[in-house]
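**Student:** Data file entry_9.cif (mmCIF, C-alpha atoms and all ligand atoms) is appended below.
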data_final
loop_
_atom_site.label_atom_id
_atom_site.label_comp_id
_atom_site.auth_asym_id
_atom_site.auth_seq_id
_atom_site.Cartn_x
_atom_site.Cartn_y
_atom_site.Cartn_z
CA MET A 25 -94.26 -90.54 -65.82
CA ARG A 26 -92.66 -87.27 -64.65
CA ALA A 27 -91.86 -86.77 -60.99
CA SER A 28 -94.06 -84.27 -59.20
CA VAL A 29 -92.47 -80.83 -59.39
CA SER A 30 -93.92 -77.35 -59.23
CA VAL A 31 -95.21 -76.12 -62.55
CA SER A 32 -94.97 -72.53 -63.65
CA LEU A 33 -98.06 -70.67 -64.74
CA ASP A 34 -97.07 -68.38 -67.54
CA GLY A 35 -98.59 -64.95 -67.05
CA PHE A 36 -100.92 -65.84 -64.17
CA MET A 37 -99.62 -63.16 -61.81
CA GLU A 38 -99.85 -60.47 -64.49
CA SER A 39 -103.13 -61.56 -66.04
CA ALA A 40 -105.13 -62.68 -63.07
CA TRP A 41 -106.38 -60.14 -60.63
CA GLY A 42 -104.54 -56.86 -61.08
CA GLY A 43 -102.60 -57.09 -57.83
CA ASP A 44 -105.56 -57.30 -55.40
CA ASP A 45 -103.81 -57.48 -52.01
CA GLY A 46 -106.74 -59.43 -50.55
CA LEU A 47 -105.72 -62.38 -52.72
CA ALA A 48 -102.17 -62.89 -51.43
CA GLY A 49 -101.15 -66.50 -51.84
CA LEU A 50 -103.83 -67.28 -54.42
CA ASP A 51 -101.12 -67.84 -57.01
CA VAL A 52 -99.70 -70.57 -54.74
CA VAL A 53 -103.09 -72.32 -54.53
CA VAL A 54 -103.63 -72.10 -58.29
CA GLY A 55 -100.05 -73.27 -58.86
CA ALA A 56 -100.76 -76.32 -56.69
CA ILE A 57 -103.92 -77.04 -58.71
CA ALA A 58 -101.82 -76.80 -61.89
CA ASP A 59 -99.27 -79.19 -60.40
CA GLY A 60 -102.02 -81.69 -59.51
CA ALA A 61 -103.61 -81.28 -62.94
CA ARG A 62 -100.36 -82.20 -64.65
CA GLN A 63 -100.23 -85.38 -62.58
CA VAL A 64 -103.87 -86.25 -63.39
CA HIS A 65 -103.12 -85.56 -67.06
CA ASP A 66 -100.20 -88.01 -66.90
CA GLN A 67 -102.31 -90.64 -65.14
CA ALA A 68 -105.19 -90.31 -67.62
CA GLN A 69 -102.78 -90.64 -70.54
CA ALA A 70 -101.20 -93.78 -69.05
CA ALA A 71 -104.32 -95.35 -67.50
CA ALA A 72 -105.05 -97.97 -70.18
CA ILE A 73 -101.40 -98.99 -70.50
CA GLU A 74 -100.87 -99.24 -66.75
CA GLY A 75 -104.11 -101.14 -66.15
CA ALA A 76 -105.70 -98.23 -64.27
CA LEU A 77 -109.04 -98.10 -66.09
CA GLY A 78 -112.35 -99.25 -64.62
CA ALA A 79 -113.89 -99.03 -61.18
CA THR A 80 -112.33 -99.59 -57.77
CA GLY A 81 -115.38 -101.60 -56.66
CA GLU A 82 -116.28 -98.95 -54.08
CA THR A 83 -119.07 -96.38 -54.13
CA ASN A 84 -118.69 -92.74 -53.09
CA VAL A 85 -120.81 -90.60 -50.77
CA HIS A 86 -123.38 -90.18 -53.59
CA GLY A 87 -123.67 -93.94 -54.15
CA GLU A 88 -121.79 -93.73 -57.47
CA MET A 89 -119.13 -96.20 -58.59
CA VAL A 90 -115.64 -94.85 -57.87
CA GLN A 91 -113.32 -95.16 -60.88
CA VAL A 92 -109.62 -95.88 -60.33
CA LEU A 93 -108.77 -92.42 -61.65
CA ASP A 94 -111.38 -90.80 -59.35
CA SER A 95 -109.53 -92.21 -56.42
CA ALA A 96 -106.05 -91.36 -57.73
CA GLY A 97 -107.15 -87.84 -58.75
CA SER A 98 -108.66 -87.21 -55.33
CA ASP A 99 -105.42 -88.27 -53.59
CA ILE A 100 -103.33 -86.11 -55.92
CA PHE A 101 -105.33 -82.95 -55.30
CA VAL A 102 -105.68 -83.53 -51.54
CA GLU A 103 -101.88 -83.75 -51.33
CA ALA A 104 -101.44 -80.72 -53.63
CA MET A 105 -103.78 -78.63 -51.46
CA ARG A 106 -102.16 -79.82 -48.24
CA GLY A 107 -98.64 -79.32 -49.58
CA CYS A 108 -99.11 -75.75 -50.77
CA GLY A 109 -99.51 -74.53 -47.17
CA ARG A 110 -102.24 -72.03 -48.04
CA VAL A 111 -105.43 -74.11 -47.77
CA ALA A 112 -107.15 -74.45 -44.39
CA ALA A 113 -109.95 -76.82 -45.37
CA LEU A 114 -110.94 -78.90 -48.34
CA GLY A 115 -114.34 -80.23 -49.36
CA SER A 116 -114.54 -82.80 -52.14
CA GLU A 117 -117.21 -84.58 -54.06
CA GLU A 118 -115.28 -87.76 -53.33
CA ILE A 119 -114.88 -87.25 -49.56
CA GLU A 120 -117.76 -87.33 -47.08
CA GLY A 121 -116.30 -85.08 -44.36
CA VAL A 122 -114.18 -81.94 -44.25
CA GLU A 123 -110.41 -82.33 -44.76
CA ALA A 124 -108.78 -79.97 -42.25
CA LEU A 125 -105.38 -79.08 -43.73
CA GLY A 126 -104.03 -76.36 -41.44
CA ASP A 127 -105.12 -73.45 -39.27
CA GLY A 128 -102.10 -71.14 -39.30
CA PRO A 129 -102.23 -67.53 -40.48
CA ALA A 130 -100.98 -68.55 -43.93
CA HIS A 131 -103.90 -70.95 -44.37
CA SER A 132 -106.09 -68.24 -45.82
CA TYR A 133 -108.14 -70.22 -48.37
CA VAL A 134 -110.82 -72.89 -48.43
CA VAL A 135 -111.21 -75.11 -51.50
CA GLN A 136 -114.11 -77.26 -52.69
CA MET A 137 -113.39 -79.62 -55.57
CA ASP A 138 -114.61 -82.25 -57.95
CA PRO A 139 -111.22 -83.87 -58.60
CA VAL A 140 -112.30 -85.93 -61.61
CA ASP A 141 -115.49 -84.80 -63.33
CA GLY A 142 -117.11 -87.01 -65.98
CA SER A 143 -115.28 -90.09 -64.79
CA SER A 144 -117.60 -92.49 -66.62
CA ASN A 145 -115.90 -91.15 -69.78
CA ILE A 146 -112.41 -92.26 -68.74
CA ASP A 147 -112.68 -95.82 -70.01
CA VAL A 148 -113.70 -94.64 -73.49
CA ALA A 149 -110.97 -91.99 -73.88
CA VAL A 150 -113.41 -89.07 -73.81
CA THR A 151 -112.72 -85.69 -72.20
CA ILE A 152 -112.82 -85.39 -68.41
CA GLY A 153 -112.15 -82.47 -66.06
CA SER A 154 -111.38 -81.16 -62.57
CA ILE A 155 -113.26 -78.30 -60.86
CA PHE A 156 -112.28 -76.04 -57.93
CA GLY A 157 -114.04 -73.27 -56.04
CA ILE A 158 -111.78 -71.13 -53.81
CA TRP A 159 -113.03 -69.07 -50.86
CA ARG A 160 -111.05 -66.84 -48.49
CA ARG A 161 -110.67 -67.75 -44.81
CA SER A 162 -110.44 -64.89 -42.34
CA PRO A 163 -107.61 -65.07 -39.80
CA GLY A 164 -108.57 -67.27 -36.85
CA GLU A 165 -111.79 -68.59 -38.45
CA ALA A 166 -112.45 -72.13 -37.15
CA VAL A 167 -111.66 -74.91 -39.60
CA SER A 168 -114.99 -76.73 -39.51
CA GLU A 169 -118.11 -77.44 -41.55
CA PRO A 170 -119.58 -73.85 -41.59
CA LEU A 171 -116.41 -72.62 -43.31
CA LEU A 172 -117.44 -74.76 -46.27
CA LEU A 173 -121.09 -73.70 -46.38
CA ARG A 174 -120.74 -70.26 -47.91
CA PRO A 175 -122.52 -69.00 -51.00
CA GLY A 176 -120.76 -69.04 -54.35
CA ARG A 177 -120.74 -65.25 -54.66
CA GLU A 178 -118.10 -65.19 -51.89
CA GLN A 179 -115.61 -67.18 -53.98
CA ALA A 180 -112.24 -65.49 -54.42
CA ALA A 181 -111.54 -67.48 -57.57
CA ALA A 182 -112.58 -70.59 -59.45
CA VAL A 183 -110.56 -72.93 -61.62
CA TYR A 184 -111.31 -75.83 -63.90
CA VAL A 185 -109.13 -78.12 -65.96
CA VAL A 186 -110.25 -79.88 -69.11
CA TYR A 187 -108.27 -82.97 -70.14
CA GLY A 188 -109.14 -83.29 -73.82
CA SER A 189 -107.21 -83.21 -77.07
CA SER A 190 -105.10 -80.77 -75.07
CA THR A 191 -105.12 -80.08 -71.33
CA VAL A 192 -106.30 -76.57 -70.52
CA MET A 193 -106.67 -74.89 -67.14
CA VAL A 194 -109.07 -71.95 -66.92
CA ALA A 195 -108.72 -69.65 -63.90
CA ALA A 196 -111.29 -66.99 -63.04
CA THR A 197 -110.44 -64.23 -60.60
CA PRO A 198 -112.38 -60.99 -60.06
CA GLY A 199 -112.90 -59.53 -63.52
CA ALA A 200 -110.50 -61.89 -65.35
CA VAL A 201 -110.82 -65.31 -66.96
CA ASN A 202 -107.67 -66.78 -68.49
CA GLY A 203 -106.85 -70.14 -70.06
CA PHE A 204 -103.48 -71.90 -69.84
CA THR A 205 -102.51 -74.89 -71.98
CA LEU A 206 -100.23 -77.61 -70.61
CA ASP A 207 -96.97 -77.83 -72.51
CA GLY A 208 -96.40 -81.59 -72.50
CA VAL A 209 -92.64 -81.16 -72.89
CA SER A 210 -91.82 -78.61 -70.17
CA GLY A 211 -94.77 -79.45 -67.91
CA ASP A 212 -95.63 -75.74 -67.68
CA PHE A 213 -99.02 -74.16 -68.28
CA VAL A 214 -98.73 -71.49 -70.96
CA LEU A 215 -101.16 -68.57 -71.24
CA THR A 216 -102.98 -69.36 -74.49
CA HIS A 217 -106.49 -67.97 -73.89
CA PRO A 218 -106.11 -64.51 -72.32
CA ALA A 219 -109.15 -62.47 -71.22
CA ILE A 220 -111.87 -65.00 -72.11
CA THR A 221 -115.39 -63.61 -72.59
CA ILE A 222 -118.35 -65.76 -73.55
CA PRO A 223 -119.48 -64.94 -77.12
CA GLU A 224 -122.67 -62.90 -77.54
CA LYS A 225 -123.97 -65.37 -80.12
CA CYS A 226 -125.28 -68.59 -78.59
CA GLU A 227 -124.46 -71.37 -81.10
CA TYR A 228 -124.98 -74.48 -79.00
CA TYR A 229 -127.14 -76.05 -76.36
CA SER A 230 -125.94 -78.97 -74.23
CA THR A 231 -128.33 -81.18 -72.34
CA ASN A 232 -129.14 -84.86 -71.89
CA GLU A 233 -131.97 -85.19 -74.42
CA GLY A 234 -132.59 -88.72 -73.15
CA ASN A 235 -134.17 -87.19 -70.04
CA PHE A 236 -136.77 -85.25 -72.05
CA GLY A 237 -139.63 -87.57 -71.14
CA LYS A 238 -138.96 -87.07 -67.42
CA LEU A 239 -139.14 -83.25 -67.57
CA ASP A 240 -142.15 -81.18 -66.52
CA ALA A 241 -144.11 -79.31 -69.19
CA ARG A 242 -142.36 -75.95 -68.77
CA THR A 243 -138.87 -77.47 -68.88
CA ARG A 244 -139.85 -79.43 -71.99
CA GLU A 245 -140.96 -76.18 -73.59
CA ALA A 246 -137.59 -74.56 -72.77
CA VAL A 247 -135.62 -77.52 -74.17
CA SER A 248 -137.81 -77.68 -77.30
CA ARG A 249 -137.21 -73.98 -77.93
CA LEU A 250 -133.43 -74.46 -77.72
CA ARG A 251 -133.63 -77.56 -79.92
CA ASP A 252 -135.42 -75.59 -82.65
CA SER A 253 -132.84 -72.83 -82.79
CA HIS A 254 -129.44 -74.23 -81.74
CA SER A 255 -127.03 -77.07 -82.53
CA LEU A 256 -126.81 -79.80 -79.90
CA ARG A 257 -123.44 -80.76 -78.40
CA TYR A 258 -123.36 -83.08 -75.35
CA VAL A 259 -120.29 -84.90 -74.05
CA GLY A 260 -121.63 -85.90 -70.65
CA SER A 261 -118.63 -84.33 -68.88
CA LEU A 262 -119.78 -81.01 -67.46
CA VAL A 263 -116.36 -79.39 -67.83
CA ALA A 264 -116.10 -80.38 -71.50
CA ASP A 265 -119.60 -79.13 -72.31
CA PHE A 266 -119.06 -75.90 -70.39
CA HIS A 267 -115.63 -75.26 -71.95
CA ARG A 268 -117.03 -75.46 -75.48
CA ASN A 269 -119.91 -73.18 -74.62
CA LEU A 270 -117.58 -70.69 -72.92
CA LEU A 271 -115.26 -70.44 -75.93
CA LYS A 272 -117.75 -70.90 -78.78
CA GLY A 273 -121.00 -69.59 -77.29
CA GLY A 274 -123.64 -71.84 -75.80
CA ILE A 275 -125.88 -72.85 -72.94
CA PHE A 276 -125.71 -75.96 -70.73
CA LEU A 277 -128.75 -77.32 -68.89
CA TYR A 278 -129.08 -80.05 -66.30
CA PRO A 279 -132.56 -79.30 -64.96
CA GLY A 280 -134.44 -81.09 -62.25
CA ASP A 281 -136.94 -83.67 -63.43
CA VAL A 282 -140.09 -85.21 -62.03
CA LYS A 283 -138.14 -87.87 -60.11
CA SER A 284 -135.16 -85.69 -59.07
CA PRO A 285 -136.34 -82.07 -58.68
CA GLU A 286 -132.85 -80.96 -57.67
CA GLY A 287 -131.23 -82.59 -60.71
CA LYS A 288 -127.90 -84.39 -60.59
CA LEU A 289 -125.14 -81.81 -60.27
CA ARG A 290 -123.61 -80.56 -57.02
CA LEU A 291 -123.87 -76.98 -55.88
CA MET A 292 -120.50 -76.70 -54.15
CA TYR A 293 -118.23 -78.65 -56.49
CA GLU A 294 -119.75 -78.05 -59.91
CA ALA A 295 -122.39 -75.29 -60.06
CA ASN A 296 -120.68 -72.65 -57.89
CA PRO A 297 -117.20 -72.77 -59.45
CA LEU A 298 -118.44 -72.93 -63.05
CA GLY A 299 -121.12 -70.34 -62.25
CA TYR A 300 -118.36 -68.04 -61.02
CA VAL A 301 -116.30 -68.59 -64.19
CA ALA A 302 -119.39 -67.97 -66.36
CA GLU A 303 -120.23 -64.71 -64.60
CA GLN A 304 -116.67 -63.37 -64.72
CA ALA A 305 -116.70 -64.11 -68.47
CA GLY A 306 -119.98 -62.22 -68.97
CA GLY A 307 -122.31 -65.23 -68.80
CA ALA A 308 -124.82 -66.40 -66.19
CA ALA A 309 -125.67 -69.38 -63.99
CA TYR A 310 -129.07 -70.14 -62.50
CA SER A 311 -130.91 -72.98 -60.85
CA ASP A 312 -134.49 -73.22 -62.11
CA ARG A 313 -135.37 -70.16 -60.01
CA GLU A 314 -132.38 -68.22 -58.65
CA ARG A 315 -128.83 -67.15 -59.33
CA ILE A 316 -126.53 -70.05 -58.46
CA LEU A 317 -124.03 -67.82 -56.63
CA ASP A 318 -126.78 -66.54 -54.29
CA ILE A 319 -127.89 -69.96 -53.04
CA GLN A 320 -127.18 -70.34 -49.33
CA PRO A 321 -125.86 -73.92 -49.09
CA GLU A 322 -127.43 -76.16 -46.46
CA ALA A 323 -125.27 -79.22 -47.04
CA ARG A 324 -121.92 -79.63 -48.74
CA HIS A 325 -123.11 -82.40 -51.02
CA GLN A 326 -126.43 -80.82 -52.02
CA ARG A 327 -127.57 -80.90 -55.64
CA THR A 328 -129.05 -78.16 -57.78
CA PRO A 329 -130.60 -77.77 -61.21
CA LEU A 330 -128.07 -75.91 -63.39
CA ILE A 331 -128.60 -73.61 -66.36
CA LEU A 332 -125.25 -72.14 -67.38
CA GLY A 333 -123.63 -70.12 -70.15
CA ASN A 334 -124.76 -67.33 -72.47
CA ARG A 335 -126.53 -64.74 -70.30
CA ARG A 336 -129.42 -63.95 -72.63
CA GLU A 337 -130.26 -67.62 -73.28
CA VAL A 338 -129.89 -68.57 -69.61
CA GLU A 339 -132.28 -65.81 -68.55
CA GLU A 340 -134.83 -66.71 -71.22
CA THR A 341 -134.62 -70.41 -70.34
CA VAL A 342 -135.08 -69.70 -66.62
CA ARG A 343 -138.04 -67.44 -67.44
CA ILE A 344 -139.77 -70.28 -69.30
CA ILE A 345 -138.93 -72.94 -66.70
CA SER A 346 -139.99 -70.87 -63.70
CA GLY A 347 -143.21 -69.81 -65.42
P1 LIG B 401 -119.94 -89.07 -64.15
O1 LIG B 401 -118.83 -88.51 -63.28
O2 LIG B 401 -120.69 -90.19 -63.53
O3 LIG B 401 -119.42 -89.38 -65.52
O4 LIG B 401 -121.01 -87.90 -64.28
C1 LIG B 401 -120.67 -86.73 -64.91
C2 LIG B 401 -121.59 -85.63 -64.50
O5 LIG B 401 -121.58 -85.45 -63.10
C3 LIG B 401 -121.29 -84.32 -65.21
O6 LIG B 401 -119.95 -84.15 -65.49
C4 LIG B 401 -122.14 -84.39 -66.44
O7 LIG B 401 -122.52 -83.12 -66.93
C5 LIG B 401 -123.35 -85.18 -65.99
O8 LIG B 401 -122.91 -85.97 -64.88
C6 LIG B 401 -123.86 -86.09 -67.05
O9 LIG B 401 -124.96 -86.77 -66.54
P2 LIG B 401 -125.85 -87.71 -67.49
O10 LIG B 401 -125.01 -88.91 -67.83
O11 LIG B 401 -127.04 -88.03 -66.65
O12 LIG B 401 -126.20 -86.91 -68.71
#
Could you render the structure from this file as structure tokens?
**Tutor:**
Amino acid sequence: MRASVSVSLDGFMESAWGGDDGLAGLDVVVGAIADGARQVHDQAQAAAIEGALGATGETNVHGEMVQVLDSAGSDIFVEAMRGCGRVAALGSEEIEGVEALGDGPAHSYVVQMDPVDGSSNIDVAVTIGSIFGIWRRSPGEAVSEPLLLRPGREQAAAVYVVYGSSTVMVAATPGAVNGFTLDGVSGDFVLTHPAITIPEKCEYYSTNEGNFGKLDARTREAVSRLRDSHSLRYVGSLVADFHRNLLKGGIFLYPGDVKSPEGKLRLMYEANPLGYVAEQAGGAAYSDRERILDIQPEARHQRTPLILGNRREVEETVRIISG
């Protein structure tokens, strides 16, 4: 396994945000995410050989089994965020409280992350991901819980990494979505998907069809409509399903059901960052009733229904679900 060194992000400075002065240091934060992602990539590749598959035996704040790679990935990204010197506070799906990382003038960002998304897929060699929402911190703002309870529309940037047949990092900044592929030899991320926009044509829908019987009548109607007119693709890793829909054209749904009206996915670590990416690429993200980025969070670990992807299909699906 390679030692941890800084990775270079080919073209990020030029392609990302057109020199917005309000985003000074963002390249450092995204570079640290890239550095962590390369380490998670290495660990995922080596997990079976090094006996690092399976669960740790612990459960996380959501009562879910923690996989060995969940725990390793969380440690890697906490250290990457701490080490970059630009992040004041970190919220994580894997950590109950707020990680206070620094309160100096250079600590001008707040990050919320799902370090390893889709971790039940690790043991079967199926695609997993990492997700990050990045907010600005004003000078002197206290590093405490309220700093991490801001709506998604205030994000400065959002990033996800998909560890699949190749490892790709997608970074969204105001008006720009770019994809960088990890070069396994140099360890650098190379700009391979410049200026991503979600296709107009919606080819796919992604949802857990096994939940159909638990849905209310209007949500069943919305899913049935998609089923009749689209191909189904469902990996069960949100990042993988979203990445396909972003590049090929599609819609992802994890609605609430009769037992869990707020669904399964988390507002701060999953819905907000991917909602931001979708919107910057010309798509949309809604709960069953409102724009994801407008939801005022009440708790860092709160859940939300999520309908995400092609704007036209998302709006039509929300219209049917909300009656
Ligand atoms: P795991 O981390 O337990 O694999 O869950 C993954 C996830 O949070 C998200 O990535 C998927 O979109 C969603 O859950 C899949 O949930 P279902 O297994 O209920 O379809």
**Student:** If I take CA of Pro129 (chain A) and CA of Ile57 (chain A), how far is one from the other in Å, to one decimal?
**Tutor:**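 CA of Ile57 (chain A) lies at a distance of 20.6 Å from CA of Pro129 (chain A).
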**Student:** Could you give me, as a PyMOL selection string, every polymer residue with an atom at most 6 Å away from an atom of ligand LIG 401 (chain B), counting all atoms listed in the file?
**Tutor:** chain A and resi 141-145+232+260-262+289
**Student:** Just want the 9 Å neighbourhood of Glu314 (chain A), counted on all atoms listed in the file, with same-chain residues fewer than 5 positions away dropped. Output as a ChimeraX atom specification.
**Tutor:** /A:309,319,342
**Student:** When you look at Ser311 (chain A) with a cut-off of 12 Å (counting only C-alpha atoms), what residues show up, excluding the ones that are within fewer than 3 positions of it in the same chain? I need them as a PDB file with C-alpha atoms, in the frame of the given file.
**Tutor:**
ATOM      1  CA  PHE A 276    -125.710 -75.960 -70.730  1.00  0.00           C
ATOM      2  CA  LEU A 277    -128.750 -77.320 -68.890  1.00  0.00           C
ATOM      3  CA  TYR A 278    -129.080 -80.050 -66.300  1.00  0.00           C
ATOM      4  CA  PRO A 279    -132.560 -79.300 -64.960  1.00  0.00           C
ATOM      5  CA  GLY A 280    -134.440 -81.090 -62.250  1.00  0.00           C
ATOM      6  CA  PRO A 285    -136.340 -82.070 -58.680  1.00  0.00           C
ATOM      7  CA  GLU A 286    -132.850 -80.960 -57.670  1.00  0.00           C
ATOM      8  CA  GLY A 287    -131.230 -82.590 -60.710  1.00  0.00           C
ATOM      9  CA  LYS A 288    -127.900 -84.390 -60.590  1.00  0.00           C
ATOM     10  CA  LEU A 289    -125.140 -81.810 -60.270  1.00  0.00           C
ATOM     11  CA  ARG A 290    -123.610 -80.560 -57.020  1.00  0.00           C
ATOM     12  CA  LEU A 291    -123.870 -76.980 -55.880  1.00  0.00           C
ATOM     13  CA  ALA A 295    -122.390 -75.290 -60.060  1.00  0.00           C
ATOM     14  CA  ASN A 296    -120.680 -72.650 -57.890  1.00  0.00           C
ATOM     15  CA  GLY A 299    -121.120 -70.340 -62.250  1.00  0.00           C
ATOM     16  CA  ALA A 308    -124.820 -66.400 -66.190  1.00  0.00           C
ATOM     17  CA  GLU A 314    -132.380 -68.220 -58.650  1.00  0.00           C
ATOM     18  CA  ARG A 315    -128.830 -67.150 -59.330  1.00  0.00           C
ATOM     19  CA  ILE A 316    -126.530 -70.050 -58.460  1.00  0.00           C
ATOM     20  CA  LEU A 317    -124.030 -67.820 -56.630  1.00  0.00           C
ATOM     21  CA  ASP A 318    -126.780 -66.540 -54.290  1.00  0.00           C
ATOM     22  CA  ILE A 319    -127.890 -69.960 -53.040  1.00  0.00           C
ATOM     23  CA  ARG A 327    -127.570 -80.900 -55.640  1.00  0.00           C
ATOM     24  CA  THR A 328    -129.050 -78.160 -57.780  1.00  0.00           C
ATOM     25  CA  PRO A 329    -130.600 -77.770 -61.210  1.00  0.00           C
ATOM     26  CA  LEU A 330    -128.070 -75.910 -63.390  1.00  0.00           C
ATOM     27  CA  ILE A 331    -128.600 -73.610 -66.360  1.00  0.00           C
ATOM     28  CA  LEU A 332    -125.250 -72.140 -67.380  1.00  0.00           C
ATOM     29  CA  VAL A 338    -129.890 -68.570 -69.610  1.00  0.00           C
ATOM     30  CA  GLU A 339    -132.280 -65.810 -68.550  1.00  0.00           C
ATOM     31  CA  THR A 341    -134.620 -70.410 -70.340  1.00  0.00           C
ATOM     32  CA  VAL A 342    -135.080 -69.700 -66.620  1.00  0.00           C
ATOM     33  CA  ARG A 343    -138.040 -67.440 -67.440  1.00  0.00           C
ATOM     34  CA  ILE A 345    -138.930 -72.940 -66.700  1.00  0.00           C
ATOM     35  CA  SER A 346    -139.990 -70.870 -63.700  1.00  0.00           C
TER      36      SER A 346
END
**Student:** From the options A:Ala79, A:Ala302, A:Ala180, A:Val54, which residue's atoms come nearest to Met193 (chain A), counting only C-alpha atoms?
**Tutor:**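 So, comparing all the options, the nearest one is A:Val54.
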**Student:** Around (-111.0, -81.3, -38.2), as given in the file, which residues come within 12 Å? Count only C-alpha atoms and list them as a PDB file with C-alpha atoms, keeping the file's coordinate frame.
**Tutor:**
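Just written: point18.pdb:
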ATOM      1  CA  ALA A 112    -107.150 -74.450 -44.390  1.00  0.00           C
ATOM      2  CA  ALA A 113    -109.950 -76.820 -45.370  1.00  0.00           C
ATOM      3  CA  LEU A 114    -110.940 -78.900 -48.340  1.00  0.00           C
ATOM      4  CA  GLY A 115    -114.340 -80.230 -49.360  1.00  0.00           C
ATOM      5  CA  GLY A 121    -116.300 -85.080 -44.360  1.00  0.00           C
ATOM      6  CA  VAL A 122    -114.180 -81.940 -44.250  1.00  0.00           C
ATOM      7  CA  GLU A 123    -110.410 -82.330 -44.760  1.00  0.00           C
ATOM      8  CA  ALA A 124    -108.780 -79.970 -42.250  1.00  0.00           C
ATOM      9  CA  LEU A 125    -105.380 -79.080 -43.730  1.00  0.00           C
ATOM     10  CA  GLY A 126    -104.030 -76.360 -41.440  1.00  0.00           C
ATOM     11  CA  ASP A 127    -105.120 -73.450 -39.270  1.00  0.00           C
ATOM     12  CA  ALA A 166    -112.450 -72.130 -37.150  1.00  0.00           C
ATOM     13  CA  VAL A 167    -111.660 -74.910 -39.600  1.00  0.00           C
ATOM     14  CA  SER A 168    -114.990 -76.730 -39.510  1.00  0.00           C
ATOM     15  CA  GLU A 169    -118.110 -77.440 -41.550  1.00  0.00           C
ATOM     16  CA  PRO A 170    -119.580 -73.850 -41.590  1.00  0.00           C
ATOM     17  CA  LEU A 171    -116.410 -72.620 -43.310  1.00  0.00           C
TER      18      LEU A 171
END
**Student:** Using only C-alpha atoms, I'd like a table of the residues in region 137-229 of chain A that come within 7 Å of region 263-274 of chain A; for each, show the closest atom pair and its distance in Å rounded to one decimal, ordered by chain and ascending number, as JSON lines.
**Tutor:**
{"residue": "A:Thr151", "atom": "CA", "partner": "A:Ala264", "partner_atom": "CA", "distance": 6.3}
{"residue": "A:Ile152", "atom": "CA", "partner": "A:Ala264", "partner_atom": "CA", "distance": 6.7}
{"residue": "A:Gly153", "atom": "CA", "partner": "A:Val263", "partner_atom": "CA", "distance": 5.5}
{"residue": "A:Val186", "atom": "CA", "partner": "A:Val263", "partner_atom": "CA", "distance": 6.3}
{"residue": "A:Ile222", "atom": "CA", "partner": "A:Leu270", "partner_atom": "CA", "distance": 5.0}
{"residue": "A:Pro223", "atom": "CA", "partner": "A:Gly273", "partner_atom": "CA", "distance": 4.9}
{"residue": "A:Glu224", "atom": "CA", "partner": "A:Gly273", "partner_atom": "CA", "distance": 6.9}
{"residue": "A:Lys225", "atom": "CA", "partner": "A:Gly273", "partner_atom": "CA", "distance": 5.9}
{"residue": "A:Cys226", "atom": "CA", "partner": "A:Gly273", "partner_atom": "CA", "distance": 4.6}
{"residue": "A:Glu227", "atom": "CA", "partner": "A:Gly274", "partner_atom": "CA", "distance": 5.4}
{"residue": "A:Tyr228", "atom": "CA", "partner": "A:Gly274", "partner_atom": "CA", "distance": 4.4}
{"residue": "A:Tyr229", "atom": "CA", "partner": "A:Gly274", "partner_atom": "CA", "distance": 5.5}
**Student:** Report, in Å to a single decimal, how far apart CA of Gln67 (chain A) and CA of Gly97 (chain A) are.
**Tutor:**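 Between CA of Gly97 (chain A) and CA of Gln67 (chain A) the gap is 8.5 Å.
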**Student:** For the atom pair CA of Gly107 (chain A) and CA of Val53 (chain A), what is the interatomic distance in Å to one decimal place?
**Tutor:**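 Answer for the CA of Gly107 (chain A) to CA of Val53 (chain A) separation: 9.7 Å.
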**Student:** Using only C-alpha atoms, which residues sit within 6 Å of Asp138 (chain A) once same-chain residues fewer than 5 positions away are excluded, as a count of residues only?
**Tutor:** 5
**Student:** Show me the residues around (-117.1, -91.3, -58.6) - criterion: an atom at most 10 Å away, all atoms listed in the file counted - as a list in words.
**Tutor:**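 Here the neighbourhood of the point contains Ala79, Thr80, Glu82, Thr83, Asn84, Val85, His86, Gly87, Glu88, Met89, Val90, Gln91, Val92, Leu93, Asp94, Ser95, Ser98, Glu117, Glu118, Asp138, Pro139, Val140, Asp141, Gly142, Ser143 and Ser144 of chain A.
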**Student:** Between A:Met292, A:Val259, A:Ala200, A:Ala48, which one has atoms that come closest to Leu172 (chain A), using only C-alpha atoms?
**Tutor:** A:Met292
**Student:** Would you kindly return, as a PDB file with C-alpha atoms, in the frame of the given file, each protein, DNA or RNA residue with an atom no farther than 7 Å from any atom of Thr216 (chain A), considering all atoms listed in the file and excluding same-chain residues fewer than 5 positions away?
**Tutor:**
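The resulting file, result-v5.pdb, is shown below:
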ATOM      1  CA  GLY A 203    -106.850 -70.140 -70.060  1.00  0.00           C
ATOM      2  CA  PHE A 204    -103.480 -71.900 -69.840  1.00  0.00           C
ATOM      3  CA  THR A 205    -102.510 -74.890 -71.980  1.00  0.00           C
TER       4      THR A 205
END
